[in-house]
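Chemist: Structure file final32.cif (mmCIF, C-alpha atoms) is given on the next line.
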data_work
#
loop_
_atom_site.label_atom_id
_atom_site.label_comp_id
_atom_site.auth_asym_id
_atom_site.auth_seq_id
_atom_site.Cartn_x
_atom_site.Cartn_y
_atom_site.Cartn_z
CA MET A 1 -79.22 33.64 21.93
CA ALA A 2 -76.24 34.60 19.80
CA THR A 3 -73.78 31.87 18.97
CA LYS A 4 -70.31 32.40 20.40
CA ASN A 5 -67.31 32.23 18.10
CA ARG A 6 -65.40 28.99 18.62
CA THR A 7 -61.61 29.10 18.53
CA GLU A 8 -58.86 26.52 18.83
CA VAL A 9 -57.31 27.33 22.20
CA THR A 10 -53.63 26.43 22.59
CA GLU A 11 -52.93 28.81 25.48
CA PHE A 12 -54.77 30.89 28.03
CA VAL A 13 -54.20 34.43 29.24
CA LEU A 14 -54.43 34.81 33.03
CA LEU A 15 -55.68 38.33 33.74
CA GLY A 16 -54.48 38.27 37.35
CA LEU A 17 -55.85 40.19 40.31
CA SER A 18 -55.81 43.61 38.67
CA SER A 19 -55.32 45.11 35.22
CA GLN A 20 -54.00 48.41 36.57
CA PRO A 21 -50.24 48.67 35.86
CA GLU A 22 -49.54 50.88 38.90
CA MET A 23 -50.96 48.21 41.20
CA GLN A 24 -48.72 45.39 39.98
CA PRO A 25 -45.63 46.19 42.16
CA VAL A 26 -47.88 46.51 45.23
CA ILE A 27 -49.60 43.20 44.49
CA PHE A 28 -46.23 41.55 43.86
CA GLY A 29 -44.79 42.75 47.18
CA VAL A 30 -47.82 41.81 49.28
CA VAL A 31 -48.27 38.39 47.66
CA LEU A 32 -44.55 37.59 47.94
CA ILE A 33 -44.49 38.42 51.66
CA MET A 34 -47.61 36.35 52.32
CA TYR A 35 -46.24 33.44 50.28
CA LEU A 36 -42.94 33.43 52.18
CA MET A 37 -44.79 33.59 55.50
CA ALA A 38 -47.02 30.68 54.47
CA VAL A 39 -44.11 28.50 53.33
CA LEU A 40 -41.85 29.32 56.28
CA GLY A 41 -44.64 28.96 58.87
CA ASN A 42 -45.84 25.62 57.56
CA THR A 43 -42.28 24.32 57.10
CA LEU A 44 -41.52 25.23 60.71
CA LEU A 45 -44.65 23.40 61.86
CA VAL A 46 -43.61 20.27 59.93
CA LEU A 47 -40.09 20.42 61.41
CA VAL A 48 -41.47 20.77 64.93
CA ALA A 49 -43.92 17.87 64.49
CA CYS A 50 -41.18 15.62 63.10
CA SER A 51 -38.35 16.56 65.46
CA ASP A 52 -40.12 16.72 68.84
CA PRO A 53 -40.85 13.26 70.34
CA LYS A 54 -43.75 14.69 72.36
CA LEU A 55 -45.54 15.52 69.10
CA HIS A 56 -45.17 12.05 67.59
CA THR A 57 -48.90 11.43 67.90
CA PRO A 58 -51.63 10.86 65.30
CA MET A 59 -53.01 14.39 65.75
CA TYR A 60 -49.69 16.04 64.95
CA PHE A 61 -49.02 13.63 62.11
CA LEU A 62 -52.25 14.89 60.52
CA LEU A 63 -51.30 18.48 61.33
CA SER A 64 -47.94 18.07 59.61
CA GLN A 65 -49.73 16.63 56.56
CA LEU A 66 -52.02 19.67 56.55
CA SER A 67 -48.97 21.95 56.58
CA LEU A 68 -47.45 20.05 53.64
CA ILE A 69 -50.73 20.46 51.78
CA ASP A 70 -50.72 24.22 52.44
CA ILE A 71 -47.15 24.50 51.15
CA SER A 72 -48.11 22.57 48.00
CA LEU A 73 -51.30 24.56 47.47
CA THR A 74 -49.57 27.94 47.52
CA THR A 75 -46.59 26.71 45.47
CA ILE A 76 -48.87 25.40 42.72
CA ILE A 77 -50.31 28.89 42.24
CA VAL A 78 -48.24 31.74 43.68
CA PRO A 79 -44.83 31.51 41.90
CA GLN A 80 -46.48 31.69 38.49
CA MET A 81 -48.77 34.45 39.75
CA LEU A 82 -45.73 36.48 40.86
CA VAL A 83 -44.07 36.08 37.46
CA HIS A 84 -47.22 37.17 35.64
CA THR A 85 -47.70 40.16 37.95
CA LEU A 86 -44.52 41.82 36.69
CA SER A 87 -44.72 40.48 33.14
CA VAL A 88 -46.47 41.79 30.07
CA ASN A 89 -46.90 38.24 28.76
CA ARG A 90 -49.38 36.45 31.04
CA THR A 91 -49.99 33.41 28.90
CA ILE A 92 -50.00 29.80 30.10
CA SER A 93 -50.04 26.85 27.70
CA TYR A 94 -53.13 24.69 27.47
CA ASN A 95 -51.35 21.64 28.91
CA CYS A 96 -49.83 23.61 31.79
CA CYS A 97 -53.25 25.09 32.56
CA MET A 98 -54.87 21.66 32.73
CA THR A 99 -51.99 20.37 34.88
CA GLN A 100 -52.39 23.28 37.27
CA LEU A 101 -56.15 22.68 37.42
CA PHE A 102 -55.66 19.00 38.27
CA SER A 103 -52.96 19.72 40.86
CA PHE A 104 -54.95 22.47 42.54
CA MET A 105 -58.14 20.41 42.74
CA THR A 106 -56.27 17.39 44.09
CA VAL A 107 -54.40 19.28 46.80
CA GLY A 108 -57.40 21.46 47.70
CA SER A 109 -59.71 18.47 48.05
CA MET A 110 -57.07 16.65 50.10
CA GLU A 111 -57.06 19.51 52.61
CA VAL A 112 -60.79 19.01 53.15
CA HIS A 113 -60.31 15.29 53.81
CA LEU A 114 -57.46 15.94 56.23
CA LEU A 115 -59.66 18.32 58.21
CA GLY A 116 -62.24 15.54 58.39
CA ALA A 117 -59.62 13.09 59.69
CA MET A 118 -58.50 15.66 62.28
CA ALA A 119 -62.10 16.07 63.43
CA TYR A 120 -62.36 12.30 63.93
CA ASP A 121 -59.13 12.36 65.93
CA ARG A 122 -60.51 15.08 68.22
CA TYR A 123 -63.85 13.26 68.52
CA VAL A 124 -62.22 10.06 69.78
CA ALA A 125 -59.77 11.94 72.06
CA ILE A 126 -62.58 13.83 73.82
CA CYS A 127 -65.53 11.44 73.62
CA ASP A 128 -63.69 8.15 74.17
CA PRO A 129 -60.30 9.06 75.71
CA LEU A 130 -59.67 5.69 77.38
CA ARG A 131 -59.73 3.89 74.03
CA TYR A 132 -58.02 6.65 72.04
CA SER A 133 -54.68 4.82 71.67
CA ALA A 134 -56.43 1.63 70.60
CA ILE A 135 -58.68 3.34 68.03
CA VAL A 136 -56.53 6.11 66.57
CA SER A 137 -53.10 4.84 65.60
CA HIS A 138 -50.39 6.00 63.23
CA SER A 139 -51.25 3.15 60.87
CA LEU A 140 -54.91 4.23 60.79
CA CYS A 141 -53.94 7.83 60.04
CA LEU A 142 -51.59 6.64 57.29
CA ARG A 143 -54.33 4.50 55.73
CA ILE A 144 -56.81 7.39 55.88
CA THR A 145 -54.26 9.70 54.26
CA LEU A 146 -53.36 7.31 51.45
CA THR A 147 -56.99 6.44 50.76
CA SER A 148 -57.90 10.13 50.64
CA TRP A 149 -55.10 10.80 48.15
CA VAL A 150 -56.45 8.08 45.84
CA VAL A 151 -60.04 9.36 46.09
CA VAL A 152 -59.26 13.04 45.50
CA SER A 153 -56.82 12.24 42.68
CA LEU A 154 -59.43 10.22 40.80
CA ASN A 155 -62.04 12.90 41.47
CA SER A 156 -59.76 15.67 40.17
CA LEU A 157 -58.77 13.60 37.15
CA LEU A 158 -62.44 13.19 36.24
CA TYR A 159 -63.06 16.95 36.43
CA SER A 160 -59.90 17.75 34.47
CA VAL A 161 -60.76 15.31 31.68
CA LEU A 162 -64.26 16.78 31.38
CA VAL A 163 -62.81 20.30 31.16
CA THR A 164 -60.50 19.22 28.33
CA ARG A 165 -63.57 18.08 26.38
CA LEU A 166 -65.08 21.56 26.44
CA THR A 167 -64.94 23.90 23.47
CA PHE A 168 -63.73 27.34 24.53
CA CYS A 169 -64.90 30.60 23.00
CA GLY A 170 -61.94 32.73 24.04
CA ASN A 171 -58.80 32.29 26.09
CA LYS A 172 -58.83 35.17 28.58
CA VAL A 173 -59.22 33.72 32.07
CA THR A 174 -60.51 36.24 34.62
CA HIS A 175 -58.39 34.78 37.37
CA PHE A 176 -54.78 34.51 38.55
CA PHE A 177 -54.63 30.73 38.03
CA CYS A 178 -56.45 28.00 36.10
CA ASP A 179 -59.47 27.28 38.26
CA ILE A 180 -62.51 25.33 37.14
CA THR A 181 -65.08 28.14 37.50
CA PRO A 182 -63.51 30.69 35.10
CA LEU A 183 -62.72 27.89 32.63
CA LEU A 184 -66.36 26.77 32.64
CA LYS A 185 -67.32 30.38 32.02
CA LEU A 186 -65.28 30.33 28.78
CA SER A 187 -67.20 27.32 27.45
CA CYS A 188 -69.13 27.95 24.23
CA THR A 189 -72.09 25.97 25.61
CA ARG A 190 -73.38 25.59 29.12
CA PRO A 191 -71.30 22.82 30.76
CA VAL A 192 -74.27 20.87 32.07
CA VAL A 193 -72.33 17.66 32.77
CA ASN A 194 -69.66 19.52 34.71
CA GLU A 195 -72.26 21.35 36.79
CA MET A 196 -74.11 18.12 37.53
CA LEU A 197 -70.87 16.54 38.74
CA ILE A 198 -70.12 19.51 40.99
CA PHE A 199 -73.51 19.22 42.67
CA THR A 200 -73.51 15.41 42.92
CA GLU A 201 -70.13 13.70 42.90
CA GLY A 202 -68.39 16.91 44.00
CA VAL A 203 -70.71 17.23 47.01
CA ALA A 204 -70.09 13.59 47.92
CA VAL A 205 -66.30 13.92 47.78
CA VAL A 206 -65.74 17.43 49.11
CA VAL A 207 -68.81 18.51 51.09
CA SER A 208 -69.46 15.19 52.83
CA PRO A 209 -66.36 15.68 55.04
CA PHE A 210 -67.95 18.92 56.25
CA PHE A 211 -71.05 17.07 57.48
CA PHE A 212 -68.77 14.51 59.10
CA ILE A 213 -66.89 17.34 60.84
CA PHE A 214 -70.16 18.96 61.89
CA GLY A 215 -71.49 15.69 63.33
CA SER A 216 -68.23 15.09 65.20
CA TYR A 217 -68.34 18.52 66.80
CA VAL A 218 -71.98 18.12 67.79
CA ARG A 219 -70.97 15.02 69.76
CA ILE A 220 -67.90 16.82 71.13
CA GLY A 221 -70.08 19.75 72.21
CA ILE A 222 -72.42 17.43 74.09
CA VAL A 223 -69.48 15.85 75.95
CA ILE A 224 -67.90 19.22 76.73
CA ALA A 225 -71.21 20.51 78.11
CA HIS A 226 -71.17 17.72 80.70
CA MET A 227 -67.55 18.21 81.78
CA HIS A 228 -67.07 19.18 85.43
CA SER A 229 -63.28 19.55 85.43
CA VAL A 230 -62.15 23.05 84.45
CA ALA A 231 -58.73 21.76 83.33
CA ALA A 232 -60.31 19.12 81.07
CA LEU A 233 -62.71 21.70 79.66
CA GLN A 234 -59.89 24.14 78.87
CA LYS A 235 -57.80 21.42 77.21
CA ALA A 236 -60.74 20.26 75.07
CA LEU A 237 -61.53 23.80 73.97
CA SER A 238 -57.89 24.63 73.21
CA THR A 239 -57.42 21.57 70.98
CA CYS A 240 -60.73 22.05 69.15
CA SER A 241 -60.93 25.82 68.71
CA SER A 242 -57.98 25.98 66.28
CA HIS A 243 -59.47 23.26 64.09
CA VAL A 244 -62.92 24.87 64.12
CA LEU A 245 -61.48 28.22 62.97
CA VAL A 246 -59.64 26.61 60.05
CA VAL A 247 -62.74 24.63 59.03
CA MET A 248 -64.95 27.74 59.09
CA PHE A 249 -62.49 29.76 56.99
CA LEU A 250 -61.95 27.05 54.40
CA PHE A 251 -65.48 25.75 53.92
CA GLY A 252 -66.98 29.24 53.91
CA SER A 253 -64.87 30.25 50.93
CA LEU A 254 -65.28 26.91 49.12
CA VAL A 255 -69.07 26.96 49.34
CA HIS A 256 -69.14 30.55 48.09
CA MET A 257 -66.84 29.70 45.17
CA TYR A 258 -68.03 26.36 43.82
CA LEU A 259 -71.50 25.32 44.98
CA LYS A 260 -73.44 27.45 42.53
CA PRO A 261 -74.35 27.25 38.82
CA SER A 262 -71.94 28.78 36.31
CA SER A 263 -74.55 31.41 35.33
CA SER A 264 -74.24 33.01 38.78
CA TYR A 265 -70.44 33.19 38.85
CA ASN A 266 -69.08 36.65 39.65
CA LEU A 267 -65.50 36.29 38.45
CA GLU A 268 -64.35 39.64 39.81
CA GLN A 269 -65.58 38.75 43.28
CA ASP A 270 -64.55 35.10 43.06
CA ARG A 271 -60.88 35.81 42.39
CA GLN A 272 -60.78 38.03 45.47
CA VAL A 273 -62.28 35.23 47.55
CA ALA A 274 -59.79 32.80 45.97
CA ILE A 275 -56.93 34.79 47.51
CA PHE A 276 -58.30 33.84 50.90
CA TYR A 277 -58.15 30.05 50.55
CA THR A 278 -55.07 29.91 48.30
CA LEU A 279 -52.85 32.32 50.25
CA ILE A 280 -54.32 33.88 53.39
CA SER A 281 -55.60 30.62 54.89
CA PRO A 282 -52.29 28.72 54.38
CA MET A 283 -50.48 31.71 55.91
CA LEU A 284 -52.78 31.84 58.96
CA ASN A 285 -53.01 28.10 59.66
CA PRO A 286 -49.57 27.80 61.32
CA LEU A 287 -50.32 30.84 63.47
CA ILE A 288 -53.72 29.49 64.50
CA TYR A 289 -52.38 26.05 65.40
CA SER A 290 -49.27 27.33 67.20
CA LEU A 291 -50.61 30.34 69.10
CA ARG A 292 -53.65 28.46 70.43
CA ASN A 293 -51.83 25.22 71.24
CA GLN A 294 -49.58 24.95 74.28
CA GLU A 295 -47.94 21.72 73.09
CA VAL A 296 -46.91 23.29 69.78
CA LYS A 297 -45.63 26.44 71.51
CA GLY A 298 -43.62 24.30 73.93
CA ALA A 299 -42.16 22.29 71.04
CA LEU A 300 -41.22 25.50 69.23
CA TRP A 301 -39.34 26.77 72.27
CA ARG A 302 -37.53 23.44 72.60
CA LEU A 303 -36.58 23.54 68.92
CA PHE A 304 -35.28 27.10 69.20
CA GLY A 305 -33.41 26.09 72.35
CA LYS A 306 -31.66 23.23 70.52
CA LEU A 307 -30.72 25.52 67.65
CA TYR A 308 -29.34 28.09 70.10
CA LEU A 309 -27.25 25.46 71.91
CA ARG A 310 -25.70 24.36 68.63
CA ARG A 311 -24.68 27.94 67.88
CA CYS A 312 -23.44 28.61 71.41
CA PRO A 313 -19.96 30.24 71.30
CA ALA A 314 -17.10 28.03 72.41
CA TRP A 315 -16.05 30.45 75.16
CA ILE A 316 -19.45 30.10 76.91
CA SER A 317 -19.95 26.98 78.97
CA HIS A 318 -22.61 24.47 77.92
CA ASN A 319 -24.46 24.86 81.24
CA THR A 320 -24.60 28.62 80.80
CA CYS A 321 -26.09 28.20 77.32
CA GLN A 322 -28.70 25.83 78.71
CA ARG A 323 -29.73 28.37 81.36
CA ILE A 324 -29.97 31.14 78.74
CA SER A 325 -32.06 28.99 76.37
#
Could you render the structure from this file as structure tokens?
Modeler:
Amino acid sequence: MATKNRTEVTEFVLLGLSSQPEMQPVIFGVVLIMYLMAVLGNTLLVLVACSDPKLHTPMYFLLSQLSLIDISLTTIIVPQMLVHTLSVNRTISYNCCMTQLFSFMTVGSMEVHLLGAMAYDRYVAICDPLRYSAIVSHSLCLRITLTSWVVVSLNSLLYSVLVTRLTFCGNKVTHFFCDITPLLKLSCTRPVVNEMLIFTEGVAVVVSPFFFIFGSYVRIGIVIAHMHSVAALQKALSTCSSHVLVVMFLFGSLVHMYLKPSSSYNLEQDRQVAIFYTLISPMLNPLIYSLRNQEVKGALWRLFGKLYLRRCPAWISHNTCQRIS
């Protein structure tokens, strides 16, 4: 096998989604609209969860955390992507690239852990409803969240440090951000240690929540199958269906992207899949959780009603504004 030329890399060139100049304005417009929708939708969900007393429950605390994660995930990647889309210079410094890699891996892994915590919340609510308040509390959710942040941060730091120890034969990254798979592809030698970590420690930290979620929903399915009340069945399905959709979308793309050896990476295909979990999924999550959840929809209407009352013209009576809202 021919030896690759080793170079001292001080910056990387992010090739983006497409190299065709005529496509750049289209990509910029579409990505900008999706980014704004993702940020505005998730921000609105956080405001609703924080402002409405009826949503001050552990489930909606976790949902608001998930929305904050989605805002962070897109903001880590998309603004720089938009700048590079309309720029001739698409370089990113080595240090900024490693920082983006660490931040993306931390926030992305945290989303997986939050989905696992939300599955546990639904499991207790449906399978042991009488003890729900005693088992699932705000303090428990806060401890789970903080512990998860520590675990995923240490995990991401380990991966980032190992990537910095690689010797790169080139600096052109076939991606629109600094992700671990295209960086491993630039390594002069096969990154055996990194691959071993992905399939061992990475599986333990990231994929284990999926098996926890799967086990929770197996138990939930058994309980739902024995429900005789139509109202209880509809409520259980409405609260679980949104979460199941988000889990399927996220884990499907993550497994496709990362749980394979570097020799089988298809960078052209992978960066298209990456758009799904870095932009489309954060954009769709608020819609999925609001449109399929009566409590969230009710809270949204109450929030809009309060905003309308505050803007009610002085010449219209307060009672009239209340009837209109």
Chemist: From the set A:Thr174, A:His226, A:Val163, A:Ile275, which residue has the shortest atom-to-atom contact distance to A:Val192, counting only C-alpha atoms?
Modeler: A:Val163
Chemist: As a check of understanding, name the residues that the PyMOL selection byres ((chain A and resi 101) around 9) selects in the supplied structure, as a list in words.
Modeler: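 Evaluating the PyMOL selection byres ((chain A and resi 101) around 9) on this file yields Cys96, Cys97, Met98, Thr99, Gln100, Phe102, Ser103, Phe104, Met105, Thr106, Ser156, Ser160, Phe177, Cys178, Asp179 and Ile180 of chain A.
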Chemist: Nearest residue to A:Ala274 out of A:Met59, A:Ala119, A:Leu197, A:Leu73, using all atoms listed in the file?
Modeler: A:Leu73
Chemist: Find the spatial neighbours of A:His113, counting all atoms listed in the file, within a cut-off of 7 Å - ignore same-chain residues fewer than 3 positions away - and output them as a list in words.
Modeler: Ser109, Met110, Gly116, Ala117, Ser148 and Pro209 of chain A
Chemist: Since I can't run it myself right now, could you work out what the PyMOL selection byres ((chain A and resi 276) around 12) selects here and report it as a list in words?
Modeler: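 That selection, the PyMOL selection byres ((chain A and resi 276) around 12), comes back as Val31, Met34, Thr74, Val246, Phe249, Leu250, Phe251, Gly252, Ser253, Leu254, His256, Met257, Gln269, Asp270, Arg271, Gln272, Val273, Ala274, Ile275, Tyr277, Thr278, Leu279, Ile280, Ser281, Pro282, Met283, Leu284 and Asn285 of chain A.
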Chemist: Residue by residue, what does the PyMOL selection byres ((chain A and resi 35-49) around 6) grab here? Present the result as a PyMOL selection string.
Modeler: chain A and resi 31-34+50-52+55+64+67+71+282-283+286
Chemist: What separation in Å, quoted to one decimal, exists between atom CA of A:Lys54 and atom CA of A:Leu245?
Modeler: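 Taking atom CA of A:Lys54 and atom CA of A:Leu245, their separation equals 24.2 Å.
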Chemist: Between atom CA of A:Ile213 and atom CA of A:His228, measure the distance and give it in Å to one decimal.
Modeler: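 Atom-to-atom, atom CA of A:Ile213 to atom CA of A:His228, that is 24.7 Å.
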Chemist: Looking at only C-alpha atoms, which of A:Ser87, A:Thr200, A:Thr189, A:Asn171 is the one that sits closest to A:Asn155?
Modeler: A:Thr200
Chemist: Name the closest residue to A:Leu146 among the candidates A:Val30, A:Pro182, A:Gln65, A:His84; distances are taken between atoms, counting all atoms listed in the file.
Modeler: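 Looking only at the distances to A:Leu146, the closest residue turns out to be A:Gln65.
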Chemist: Take atom CA of A:Val151 and atom CA of A:Met248 and report the distance between them in Å, one decimal.
Modeler: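 The value is 23.0 Å.
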Chemist: I want to know what sits within 12 Å of A:Ser139, based on all atoms listed in the file, with residues of the same chain fewer than 6 positions away left out; could you give that as a VMD selection string?
Modeler: chain A and resid 57 to 58 61 to 62 133 145 to 146
Chemist: Counting all atoms listed in the file, which of A:Asn194, A:Asn266, A:Ser208, A:Thr239 gets nearest to A:Met118?
Modeler: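 Among the listed residues, the smallest separation from A:Met118 belongs to A:Thr239.
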Chemist: Have a look at A:Tyr94, A:Ile222, A:Glu295, A:Tyr217 and name the one nearest to A:Cys240; count all atoms listed in the file.
Modeler: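 Checking each of A:Tyr94, A:Ile222, A:Glu295, A:Tyr217 against A:Cys240, counting all atoms listed in the file, the winner is A:Tyr217.
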Chemist: What's the 10 Å shell around A:Leu82, counting only C-alpha atoms, without same-chain residues fewer than 2 positions away, as a list of chain:residue names?
Modeler: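 Here the answer would be A:Gly16, A:Gln24, A:Pro25, A:Ile27, A:Phe28, A:Gly29, A:Val31, A:Leu32, A:Tyr35, A:Ile77, A:Val78, A:Pro79, A:Gln80, A:His84, A:Thr85, A:Leu86, A:Ser87, A:Phe176.
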Chemist: Can you tell me, as a list in words, what residues are no more than 9 Å from A:Pro191 when counting only C-alpha atoms, ignoring any on the same chain fewer than 5 positions away?
Modeler: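 Final neighbour list, sorted by chain and number: Val163, Leu166, Leu184, Lys185, Met196 and Ser262 of chain A.
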Chemist: Go ahead and save the picked residues with C-alpha atoms, as a short mmCIF file (atom, residue, chain, number, x, y, z; two decimals), keeping the file's coordinate frame.
Modeler:
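selection27.cif written:
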data_model
loop_
_atom_site.label_atom_id
_atom_site.label_comp_id
_atom_site.auth_asym_id
_atom_site.auth_seq_id
_atom_site.Cartn_x
_atom_site.Cartn_y
_atom_site.Cartn_z
CA VAL A 163 -62.81 20.30 31.16
CA LEU A 166 -65.08 21.56 26.44
CA LEU A 184 -66.36 26.77 32.64
CA LYS A 185 -67.32 30.38 32.02
CA MET A 196 -74.11 18.12 37.53
CA SER A 262 -71.94 28.78 36.31
#
